[in-house]
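For reference, final_33.csv is printed below; it contains CSV, C-alpha atoms and all ligand atoms.
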chain,number,residue,atom,x,y,z
R,492,MET,CA,147.3,211.3,56.9
R,493,LYS,CA,144.3,209.1,56.0
R,494,PRO,CA,141.2,209.6,58.1
R,495,ARG,CA,140.6,206.8,60.6
R,496,ILE,CA,137.2,205.2,60.6
R,497,LEU,CA,135.9,202.5,63.0
R,498,VAL,CA,133.1,200.3,61.7
R,499,LEU,CA,131.4,198.9,64.8
R,500,TYR,CA,128.5,196.5,64.3
R,501,TYR,CA,126.5,193.5,65.3
R,502,THR,CA,125.1,191.0,62.8
R,503,GLN,CA,123.6,187.6,63.3
R,504,THR,CA,123.2,186.4,59.7
R,505,GLY,CA,126.0,188.5,58.2
R,506,GLN,CA,123.6,190.8,56.3
R,507,LEU,CA,124.7,194.0,58.1
R,508,ARG,CA,128.3,193.3,57.5
R,509,GLN,CA,127.6,192.9,53.8
R,510,ILE,CA,125.8,196.3,53.9
R,511,LEU,CA,128.8,197.9,55.7
R,512,ASN,CA,131.3,196.3,53.3
R,513,SER,CA,129.4,197.8,50.4
R,514,ILE,CA,129.2,201.3,52.0
R,515,ILE,CA,133.0,201.5,52.5
R,516,SER,CA,134.0,199.6,49.4
R,517,ASP,CA,134.9,202.6,47.3
R,518,ILE,CA,136.9,204.4,50.0
R,519,ALA,CA,138.7,201.4,51.5
R,520,GLY,CA,142.0,202.6,50.0
R,521,LYS,CA,141.7,206.2,51.0
R,522,ALA,CA,140.9,205.8,54.7
R,523,ASP,CA,142.3,203.7,57.5
R,524,ILE,CA,139.3,201.5,58.3
R,525,ASP,CA,139.0,199.0,61.2
R,526,PHE,CA,136.1,196.7,61.8
R,527,ALA,CA,134.9,195.6,65.2
R,528,ALA,CA,132.1,193.1,65.7
R,529,ILE,CA,129.9,193.3,68.8
R,530,GLU,CA,129.7,189.7,70.2
R,531,PRO,CA,127.3,188.6,72.9
R,532,VAL,CA,129.1,186.3,75.5
R,533,LYS,CA,126.2,183.8,74.9
R,534,PRO,CA,125.3,183.9,71.2
R,535,PHE,CA,121.7,183.8,70.1
R,536,PRO,CA,120.6,180.7,68.1
R,537,PHE,CA,120.3,180.9,64.4
R,538,PRO,CA,118.0,179.6,63.0
R,539,TRP,CA,115.8,180.3,66.0
R,540,THR,CA,113.3,178.0,67.7
R,541,THR,CA,109.9,179.7,68.0
R,542,LEU,CA,110.1,179.8,71.8
R,543,ASP,CA,113.6,181.3,71.8
R,544,PHE,CA,112.6,183.9,69.3
R,545,PHE,CA,109.5,185.2,71.0
R,546,ASP,CA,111.2,184.8,74.5
R,547,ALA,CA,113.7,187.4,73.4
R,548,MET,CA,111.0,190.1,73.1
R,549,PRO,CA,110.4,191.0,76.8
R,550,GLU,CA,114.1,191.8,77.6
R,551,THR,CA,114.6,193.5,74.2
R,552,VAL,CA,111.7,195.8,74.8
R,553,ALA,CA,112.8,196.5,78.4
R,554,HIS,CA,116.4,197.2,77.3
R,555,ILE,CA,117.9,194.7,79.7
R,556,PRO,CA,121.6,194.6,78.8
R,557,ILE,CA,123.3,191.2,78.1
R,558,PRO,CA,127.1,190.7,78.6
R,559,VAL,CA,129.1,191.3,75.4
R,560,LYS,CA,132.8,190.4,74.8
R,561,PRO,CA,135.3,193.2,75.3
R,562,LEU,CA,136.6,195.2,72.3
R,563,ASP,CA,140.1,194.4,71.3
R,564,PRO,CA,142.7,196.8,72.8
R,565,SER,CA,144.0,197.5,69.3
R,566,ILE,CA,140.6,199.2,68.7
R,567,THR,CA,140.1,200.9,72.1
R,568,SER,CA,143.6,202.4,72.0
R,569,LYS,CA,143.0,204.2,68.7
R,570,ASP,CA,141.6,207.7,68.2
R,571,TYR,CA,139.1,207.5,65.4
R,572,ASP,CA,137.8,210.4,63.3
R,573,LEU,CA,134.5,208.7,62.7
R,574,ILE,CA,132.5,205.7,63.9
R,575,ILE,CA,130.1,204.0,61.6
R,576,PHE,CA,127.7,202.1,63.9
R,577,GLY,CA,125.7,199.3,62.3
R,578,TYR,CA,122.8,197.7,64.1
R,579,GLN,CA,119.4,196.2,63.6
R,580,PRO,CA,116.0,196.5,65.4
R,581,TRP,CA,114.6,193.5,67.2
R,582,PHE,CA,110.9,194.0,68.3
R,583,LEU,CA,111.1,197.7,67.4
R,584,ASN,CA,114.1,198.3,69.7
R,585,PRO,CA,117.9,198.0,69.2
R,586,SER,CA,118.9,194.3,69.2
R,587,GLN,CA,119.9,192.8,72.6
R,588,PRO,CA,123.7,192.6,71.7
R,589,VAL,CA,123.6,196.3,70.7
R,590,ILE,CA,121.8,197.3,74.0
R,591,GLY,CA,124.4,195.1,75.8
R,592,PHE,CA,127.2,197.1,74.1
R,593,LEU,CA,125.6,200.5,74.7
R,594,ASN,CA,125.4,199.8,78.4
R,595,ALA,CA,128.9,198.4,78.7
R,596,GLU,CA,132.0,200.4,79.6
R,597,TYR,CA,133.2,199.9,76.0
R,598,ALA,CA,130.5,202.4,74.9
R,599,LYS,CA,133.0,205.1,76.0
R,600,ILE,CA,134.6,204.6,72.6
R,601,PHE,CA,131.8,206.9,71.4
R,602,ASN,CA,132.9,209.7,73.7
R,603,GLY,CA,133.4,212.9,71.6
R,604,LYS,CA,133.1,211.1,68.3
R,605,PRO,CA,130.9,211.8,65.2
R,606,VAL,CA,128.8,208.7,64.5
R,607,ILE,CA,126.9,207.5,61.4
R,608,THR,CA,124.2,204.9,62.2
R,609,VAL,CA,123.6,202.2,59.6
R,610,ILE,CA,120.4,200.1,60.0
R,611,GLY,CA,119.6,196.9,58.0
R,612,CYS,CA,116.2,195.6,58.8
R,613,ARG,CA,112.8,194.5,57.6
R,614,ASN,CA,111.1,197.9,57.7
R,615,MET,CA,110.3,199.0,61.3
R,616,TRP,CA,113.3,200.9,62.8
R,617,LEU,CA,111.9,204.3,64.0
R,618,HIS,CA,111.6,203.5,67.7
R,619,ALA,CA,115.0,201.6,67.8
R,620,GLN,CA,116.7,204.6,66.2
R,621,GLU,CA,115.2,207.0,68.9
R,622,LYS,CA,116.6,204.7,71.5
R,623,VAL,CA,120.0,204.7,69.9
R,624,LYS,CA,120.0,208.5,69.5
R,625,SER,CA,119.4,208.7,73.3
R,626,TYR,CA,122.2,206.3,74.1
R,627,LEU,CA,124.6,208.2,71.8
R,628,LYS,CA,123.7,211.5,73.4
R,629,ASP,CA,124.4,210.0,76.8
R,630,ALA,CA,127.7,208.7,75.5
R,631,ASN,CA,128.6,212.2,74.4
R,632,ALA,CA,128.7,211.3,70.7
R,633,THR,CA,127.4,213.4,67.8
R,634,LEU,CA,125.1,211.7,65.4
R,635,VAL,CA,126.1,213.0,61.9
R,636,GLY,CA,124.3,210.6,59.6
R,637,ASN,CA,121.8,207.8,59.3
R,638,ILE,CA,121.5,205.2,56.5
R,639,VAL,CA,118.6,202.8,56.5
R,640,LEU,CA,118.3,199.7,54.2
R,641,THR,CA,115.0,197.8,54.4
R,642,ASP,CA,113.3,195.0,52.7
R,643,THR,CA,111.2,196.9,50.1
R,644,ASN,CA,108.7,194.1,49.5
R,645,PRO,CA,105.1,194.6,50.7
R,646,ASN,CA,104.7,194.3,54.5
R,647,LEU,CA,103.0,190.9,54.6
R,648,ILE,CA,105.5,189.4,52.1
R,649,SER,CA,108.5,190.6,54.1
R,650,THR,CA,106.9,189.3,57.3
R,651,LEU,CA,106.6,185.8,55.6
R,652,THR,CA,110.1,185.8,54.3
R,653,VAL,CA,111.6,187.0,57.5
R,654,ILE,CA,109.8,184.2,59.4
R,655,ARG,CA,111.1,181.6,56.9
R,656,TRP,CA,114.6,183.1,57.3
R,657,ALA,CA,114.6,183.3,61.1
R,658,PHE,CA,113.0,179.8,61.8
R,659,LYS,CA,114.4,177.8,58.9
R,660,GLY,CA,117.6,179.7,58.1
R,661,GLN,CA,116.4,180.0,54.5
R,662,LYS,CA,117.1,183.3,52.9
R,663,GLU,CA,116.6,182.1,49.3
R,664,ALA,CA,113.4,182.5,47.4
R,665,SER,CA,111.0,179.6,47.5
R,666,GLY,CA,107.5,178.9,46.0
R,667,MET,CA,105.8,182.3,45.5
R,668,LEU,CA,108.0,184.0,48.1
R,669,PRO,CA,111.1,186.1,47.2
R,670,LYS,CA,114.5,186.1,48.9
R,671,ALA,CA,114.3,187.4,52.4
R,672,GLY,CA,116.0,190.6,53.8
R,673,VAL,CA,117.4,193.7,52.2
R,674,GLN,CA,117.4,193.4,48.3
R,675,ASP,CA,120.8,192.4,46.9
R,676,LYS,CA,120.7,195.4,44.5
R,677,ASP,CA,120.1,197.8,47.4
R,678,ILE,CA,123.1,196.3,49.3
R,679,THR,CA,125.3,196.7,46.2
R,680,ASP,CA,124.1,200.3,45.5
R,681,ALA,CA,124.9,201.3,49.1
R,682,LYS,CA,128.4,201.8,48.0
R,683,ARG,CA,127.3,205.2,46.7
R,684,PHE,CA,127.3,206.5,50.3
R,685,GLY,CA,131.0,205.9,50.8
R,686,GLU,CA,132.4,208.8,48.7
R,687,THR,CA,129.8,211.2,50.2
R,688,ILE,CA,130.9,210.2,53.7
R,689,TYR,CA,134.6,210.5,52.8
R,690,LYS,CA,134.2,213.9,51.2
R,691,HIS,CA,132.4,215.3,54.2
R,692,LEU,CA,134.9,213.8,56.6
R,693,VAL,CA,138.0,215.1,55.0
R,694,SER,CA,136.5,218.6,54.4
R,695,ASP,CA,135.5,218.7,58.1
R,696,ASN,CA,131.9,219.3,57.1
R,697,LEU,CA,130.1,216.4,58.8
R,698,ILE,CA,127.4,218.7,59.9
R,699,ASP,CA,125.9,218.8,56.4
R,700,LEU,CA,126.4,215.1,55.7
R,701,GLN,CA,122.8,214.0,56.4
R,702,THR,CA,121.4,216.4,53.9
R,703,GLN,CA,123.6,214.9,51.3
R,704,LEU,CA,122.9,211.3,52.4
R,705,LEU,CA,119.1,212.0,52.2
R,706,ALA,CA,119.6,213.5,48.7
R,707,ASN,CA,121.3,210.2,47.8
R,708,GLY,CA,118.2,208.2,49.1
R,709,ALA,CA,119.6,207.1,52.5
R,710,VAL,CA,116.2,206.9,54.2
R,711,HIS,CA,112.9,206.0,52.6
R,712,LEU,CA,109.9,206.1,55.0
R,713,LYS,CA,106.2,205.7,54.3
R,714,PRO,CA,103.9,207.6,56.7
R,715,GLY,CA,101.8,204.5,57.4
R,716,LEU,CA,104.8,202.9,59.1
R,717,VAL,CA,104.9,205.6,61.7
R,718,ILE,CA,101.3,204.7,62.7
R,719,LEU,CA,102.1,200.9,62.7
R,720,GLU,CA,105.1,201.5,65.0
R,721,GLN,CA,103.3,203.7,67.4
R,722,ARG,CA,100.6,201.0,67.8
R,723,GLY,CA,103.2,198.1,67.9
R,724,ILE,CA,105.4,199.7,70.6
R,725,LYS,CA,102.6,200.3,73.0
R,726,ASN,CA,101.4,196.7,72.8
R,727,PHE,CA,105.0,195.3,73.0
R,728,ARG,CA,105.6,197.3,76.3
R,729,ILE,CA,102.4,195.9,77.9
R,730,TRP,CA,103.3,192.3,76.8
R,731,SER,CA,107.0,192.7,77.9
R,732,LYS,CA,105.8,193.6,81.5
R,733,PHE,CA,103.2,190.9,81.6
R,734,ILE,CA,105.7,188.1,80.5
R,735,ARG,CA,108.5,189.3,82.8
R,736,LYS,CA,106.3,189.0,85.8
R,737,LYS,CA,106.5,185.2,85.4
R,738,GLY,CA,110.3,185.1,85.3
R,739,GLY,CA,113.5,185.9,83.3
R,740,PRO,CA,114.7,184.7,79.8
R,741,GLY,CA,114.2,181.0,79.3
R,742,ASP,CA,112.1,180.5,82.5
R,743,PRO,CA,109.6,177.7,81.8
R,744,ASN,CA,107.1,179.5,84.0
R,745,ARG,CA,106.7,182.2,81.4
R,746,ALA,CA,106.6,180.0,78.3
R,747,GLY,CA,102.8,180.0,78.3
R,748,ARG,CA,102.6,183.8,78.2
R,749,VAL,CA,105.4,183.9,75.5
R,750,MET,CA,103.4,181.6,73.3
R,751,MET,CA,100.2,183.6,73.9
R,752,PHE,CA,102.1,186.7,72.7
R,753,LYS,CA,103.3,184.8,69.6
R,754,ASN,CA,99.7,183.7,68.7
R,755,LEU,CA,98.3,187.2,69.2
R,756,LEU,CA,101.1,188.7,67.1
R,757,ILE,CA,100.3,186.3,64.3
R,758,VAL,CA,96.6,187.1,64.5
R,759,ALA,CA,97.4,190.8,64.5
R,760,ILE,CA,99.7,190.6,61.5
R,761,PHE,CA,97.8,188.2,59.3
R,762,ILE,CA,94.2,188.5,60.3
R,763,LEU,CA,93.8,192.0,61.8
R,764,SER,CA,96.3,193.6,59.5
R,765,PRO,CA,93.8,194.4,56.7
R,766,ILE,CA,91.5,196.0,59.3
R,767,SER,CA,94.4,197.9,60.9
R,768,SER,CA,95.7,199.0,57.5
R,769,PHE,CA,92.3,200.4,56.8
R,770,THR,CA,92.1,202.3,60.1
R,771,ALA,CA,95.7,203.5,59.6
R,772,LEU,CA,94.7,204.8,56.2
R,773,ILE,CA,91.9,206.8,57.8
R,774,GLN,CA,94.3,208.1,60.4
R,775,LEU,CA,96.7,208.9,57.6
R,776,LEU,CA,94.1,211.0,55.8
R,777,ILE,CA,93.0,212.8,59.0
R,778,LYS,CA,96.4,213.5,60.4
R,779,ARG,CA,98.3,213.8,57.2
R,780,ASN,CA,100.1,217.0,58.0
R,781,SER,CA,101.3,215.9,61.4
R,782,LEU,CA,102.4,212.6,60.0
R,783,LEU,CA,104.4,214.3,57.3
R,784,LYS,CA,106.1,216.3,60.0
R,785,ASP,CA,106.9,213.0,61.8
R,786,VAL,CA,108.3,211.6,58.6
R,787,ALA,CA,110.6,214.6,58.2
R,788,TYR,CA,111.7,214.3,61.9
R,789,PHE,CA,112.5,210.6,61.6
R,790,LYS,CA,114.6,211.2,58.5
R,791,GLU,CA,116.7,213.7,60.4
R,792,LEU,CA,119.0,213.3,63.3
R,793,GLY,CA,117.5,215.4,66.1
R,794,TYR,CA,116.2,213.8,69.3
R,795,ASP,CA,112.9,214.8,70.9
R,796,LYS,CA,112.5,212.4,73.9
R,797,GLY,CA,109.2,210.5,73.8
R,798,ARG,CA,108.5,211.3,70.1
R,799,ILE,CA,107.3,207.7,69.5
R,801,LIG,C1,114.4,188.7,67.2
R,801,LIG,C2,114.3,189.5,65.9
R,801,LIG,C3,113.4,190.6,65.9
R,801,LIG,C4,113.3,191.4,64.8
R,801,LIG,N1,112.5,192.5,64.9
R,801,LIG,C5,112.5,193.4,63.8
R,801,LIG,C6,111.8,194.7,63.9
R,801,LIG,O1,111.2,195.0,64.9
R,801,LIG,N2,111.8,195.5,62.8
R,801,LIG,C7,112.5,195.2,61.7
R,801,LIG,O2,112.4,196.0,60.7
R,801,LIG,N3,113.2,194.0,61.6
R,801,LIG,C8,113.3,193.2,62.6
R,801,LIG,N4,114.0,192.0,62.5
R,801,LIG,C9,114.9,191.8,61.4
R,801,LIG,C10,116.3,192.4,61.8
R,801,LIG,O3,116.3,193.7,62.0
R,801,LIG,C11,117.4,192.1,60.7
R,801,LIG,O4,117.1,192.6,59.5
R,801,LIG,C12,117.7,190.6,60.5
R,801,LIG,O5,117.6,189.9,61.7
R,801,LIG,C13,119.1,190.4,59.9
R,801,LIG,O6,120.0,191.1,60.6
R,801,LIG,P1,121.5,190.7,60.9
R,801,LIG,O7,121.8,189.4,60.3
R,801,LIG,O8,122.4,191.8,60.4
R,801,LIG,O9,121.6,190.6,62.4
R,801,LIG,C14,114.1,191.1,63.7
R,801,LIG,C15,115.0,190.0,63.7
R,801,LIG,C16,115.1,189.2,64.8
R,801,LIG,C17,116.0,188.1,64.8
Final C-alpha cells representation of the file:
Amino acid sequence: MKPRILVLYYTQTGQLRQILNSIISDIAGKADIDFAAIEPVKPFPFPWTTLDFFDAMPETVAHIPIPVKPLDPSITSKDYDLIIFGYQPWFLNPSQPVIGFLNAEYAKIFNGKPVITVIGCRNMWLHAQEKVKSYLKDANATLVGNIVLTDTNPNLISTLTVIRWAFKGQKEASGMLPKAGVQDKDITDAKRFGETIYKHLVSDNLIDLQTQLLANGAVHLKPGLVILEQRGIKNFRIWSKFIRKKGGPGDPNRAGRVMMFKNLLIVAIFILSPISSFTALIQLLIKRNSLLKDVAYFKELGYDKGRI
C-alpha cells in the first residue's frame, strides 16, 4: 500500500504552496498525497495597507488565536503516515492563521503523527520554529524533519523587496531590486527532498531523516541571524504589550502606537542596522563558540524551552 501523506499549510501569496508542490513533485505517483490549506475565517488583506500590516504584530507576537475554517471531513477521517506542515513566520512568530490552527480542535490531527515542518520566509524563522516545536509537542506529534527556504539576498535587499511585495503586491524585480521572496531556483531544487523523505518513510526510519535532510542542505543558518533574532524578539514583546494596552486589532485608539512601532522598526532596520551589525559582529567574535552551538541546535529538532 502507498504511504499516506498529508500536506497541511497556510499561504497568503501562494509561495509556500509552490515550495510544497516542488518537494513532493518526484514522489507524487508513489505516495497517496492530500493537500489541506489552513484558511482564516477572515482573510488577511494582500497587498497590505501599512496600518493593517503593522497592526498584525501585537497579536502575532502574543499568539492570540484567530478563528480558522474547519478541515474537510475527508481529511480528518484519514489515518496519515506522515504530515508535512508548511508555515511561515510573521514578526518572528508563526503566522496568525497557523497559530489559529494550532490552537483549534483540528490540531488533534497531529496526535501521534510524525511531522516535517517546511518554512518559506525572508530569513528570520528561529523563534517561530521554537514555538511550533512546543505546539507540536503539546499535540503529541513527533517532529522528524525541518526544511527551511529563505530569500538568500543580503538582509537589507530582502527587506526592501519584501516591503515592495507586501505593500504593492509586486514580487517581480524592479529598478535595482531583484525579485522578492525565496529564489525560483531554490524552489525548483527543493524537489530533491522528496525522494529522501519517501525513502525514510517507507523504510520506517524517520528518526534519521533530519541528518539526511541536513546533508542535502535543508537548513542554512548564519550565526549573526541568531543575534538579530534574540534582539528583535525582546523588542517585539515589549511593543506588543504596549500596543495591546490601547485596544485589540483594528482599534483606532492604538493606531498611534502601531505607527510609532512602524517608524522605529524602519529606523532600526535602515539607520541603526549598520551599527547593530557591527555590535553583532563583535558579539559574534566574543561568543563564537556558544553561537556555533546555537546554530547546531537550531538546525536540529530538539526543543529546549526558552532557548531564544
Ligand atoms: C505580516 C508579515 C510578517 C512577516 N514577518 C517575517 C519574519 O518575521 N521573518 C521572515 O523571515 N519573514 C517574514 N515575513 C515573510 C513571510 O514569512 C513569507 O515569506 C511571505 O509572507 C510569503 O509567504 P506566503 O505567501 O507563503 O504566506 C512576513 C510576512 C508578513 C506578511
Long-range neighbours of Lys628 in chain R as a list in words, 12 Å cut-off, all atoms listed in the file, 3 positions minimum in chain: Leu593, Ala598, Lys599, Phe601, Asn602, Gly603, Lys604, Pro605, Val606, Glu621, Lys622, Val623, Lys624, Ser625, Asn631, Ala632, Thr633, Leu634, Val635, Leu792, Gly793, Tyr794, Asp795 and Lys796 of chain R
Point (123.1, 195.5, 54.9) neighbourhood (6 Å, all atoms listed in the file) written as number ranges by chain: R: 506-507, 509-510, 611, 678
For Pro588 in chain R, the nearest of the candidates R:Leu562, R:Val673, R:Ile555, R:Ile575, counting all atoms listed in the file: R:Ile555
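Nearest residue to Gly708 in chain R, choosing from R:Val749, R:Val559, R:Ala681, R:Val498 and counting all atoms listed in the file: R:Ala681.
Residues within 12 Å of Asp523 in chain R, counting all atoms listed in the file and excluding same-chain residues fewer than 6 positions away, are R:Met492, R:Lys493, R:Pro494, R:Arg495, R:Ile496, R:Leu497, R:Val498, R:Ile515, R:Lys569, R:Asp570, R:Tyr571, R:Asp572, R:Leu573, R:Ile574, R:Tyr689.
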Residues within 9 Å of ligand LIG 801 (chain R), counting all atoms listed in the file, as a PyMOL selection string: chain R and resi 500-510+535+537-539+543-548+551+577-587+610-619+640-642+650+653-654+656-657+672-673+720
Atom pair CA of Asp563 in chain R / CA of Lys690 in chain R: separation (Å): 28.6 Å
Interatomic distance, CA of Val639 in chain R to CA of Asn707 in chain R (Å, one decimal): 11.7 Å
Final N, CA and C atoms of range 747-762 of chain R as a PDB file, in the frame of the given file:
ATOM      1  N   GLY R 747     104.155 179.892  78.671  1.00  0.00           N
ATOM      2  CA  GLY R 747     102.800 180.000  78.300  1.00  0.00           C
ATOM      3  C   GLY R 747     102.429 181.410  77.803  1.00  0.00           C
ATOM      4  N   ARG R 748     102.896 182.403  78.542  1.00  0.00           N
ATOM      5  CA  ARG R 748     102.600 183.800  78.200  1.00  0.00           C
ATOM      6  C   ARG R 748     103.361 184.191  76.879  1.00  0.00           C
ATOM      7  N   VAL R 749     104.592 183.637  76.744  1.00  0.00           N
ATOM      8  CA  VAL R 749     105.400 183.900  75.500  1.00  0.00           C
ATOM      9  C   VAL R 749     104.604 183.406  74.301  1.00  0.00           C
ATOM     10  N   MET R 750     104.071 182.180  74.407  1.00  0.00           N
ATOM     11  CA  MET R 750     103.400 181.600  73.300  1.00  0.00           C
ATOM     12  C   MET R 750     102.040 182.317  73.012  1.00  0.00           C
ATOM     13  N   MET R 751     101.436 182.827  74.101  1.00  0.00           N
ATOM     14  CA  MET R 751     100.200 183.600  73.900  1.00  0.00           C
ATOM     15  C   MET R 751     100.520 184.882  73.129  1.00  0.00           C
ATOM     16  N   PHE R 752     101.641 185.510  73.461  1.00  0.00           N
ATOM     17  CA  PHE R 752     102.100 186.700  72.700  1.00  0.00           C
ATOM     18  C   PHE R 752     102.314 186.379  71.259  1.00  0.00           C
ATOM     19  N   LYS R 753     102.998 185.245  71.029  1.00  0.00           N
ATOM     20  CA  LYS R 753     103.300 184.800  69.600  1.00  0.00           C
ATOM     21  C   LYS R 753     101.965 184.673  68.850  1.00  0.00           C
ATOM     22  N   ASN R 754     101.001 183.965  69.456  1.00  0.00           N
ATOM     23  CA  ASN R 754      99.700 183.700  68.700  1.00  0.00           C
ATOM     24  C   ASN R 754      98.999 185.015  68.443  1.00  0.00           C
ATOM     25  N   LEU R 755      99.003 185.910  69.430  1.00  0.00           N
ATOM     26  CA  LEU R 755      98.300 187.200  69.200  1.00  0.00           C
ATOM     27  C   LEU R 755      98.981 188.027  68.144  1.00  0.00           C
ATOM     28  N   LEU R 756     100.318 187.961  68.122  1.00  0.00           N
ATOM     29  CA  LEU R 756     101.100 188.700  67.100  1.00  0.00           C
ATOM     30  C   LEU R 756     100.733 188.212  65.719  1.00  0.00           C
ATOM     31  N   ILE R 757     100.654 186.888  65.602  1.00  0.00           N
ATOM     32  CA  ILE R 757     100.300 186.300  64.300  1.00  0.00           C
ATOM     33  C   ILE R 757      98.921 186.704  63.863  1.00  0.00           C
ATOM     34  N   VAL R 758      97.976 186.666  64.819  1.00  0.00           N
ATOM     35  CA  VAL R 758      96.600 187.100  64.500  1.00  0.00           C
ATOM     36  C   VAL R 758      96.629 188.572  64.073  1.00  0.00           C
ATOM     37  N   ALA R 759      97.377 189.387  64.831  1.00  0.00           N
ATOM     38  CA  ALA R 759      97.400 190.800  64.500  1.00  0.00           C
ATOM     39  C   ALA R 759      98.000 191.070  63.143  1.00  0.00           C
ATOM     40  N   ILE R 760      99.069 190.320  62.804  1.00  0.00           N
ATOM     41  CA  ILE R 760      99.700 190.600  61.500  1.00  0.00           C
ATOM     42  C   ILE R 760      98.879 190.054  60.352  1.00  0.00           C
ATOM     43  N   PHE R 761      98.421 188.799  60.480  1.00  0.00           N
ATOM     44  CA  PHE R 761      97.800 188.200  59.300  1.00  0.00           C
ATOM     45  C   PHE R 761      96.296 188.293  59.225  1.00  0.00           C
ATOM     46  N   ILE R 762      95.637 188.464  60.373  1.00  0.00           N
ATOM     47  CA  ILE R 762      94.200 188.500  60.300  1.00  0.00           C
ATOM     48  C   ILE R 762      93.675 189.953  60.523  1.00  0.00           C
TER      49      ILE R 762
END
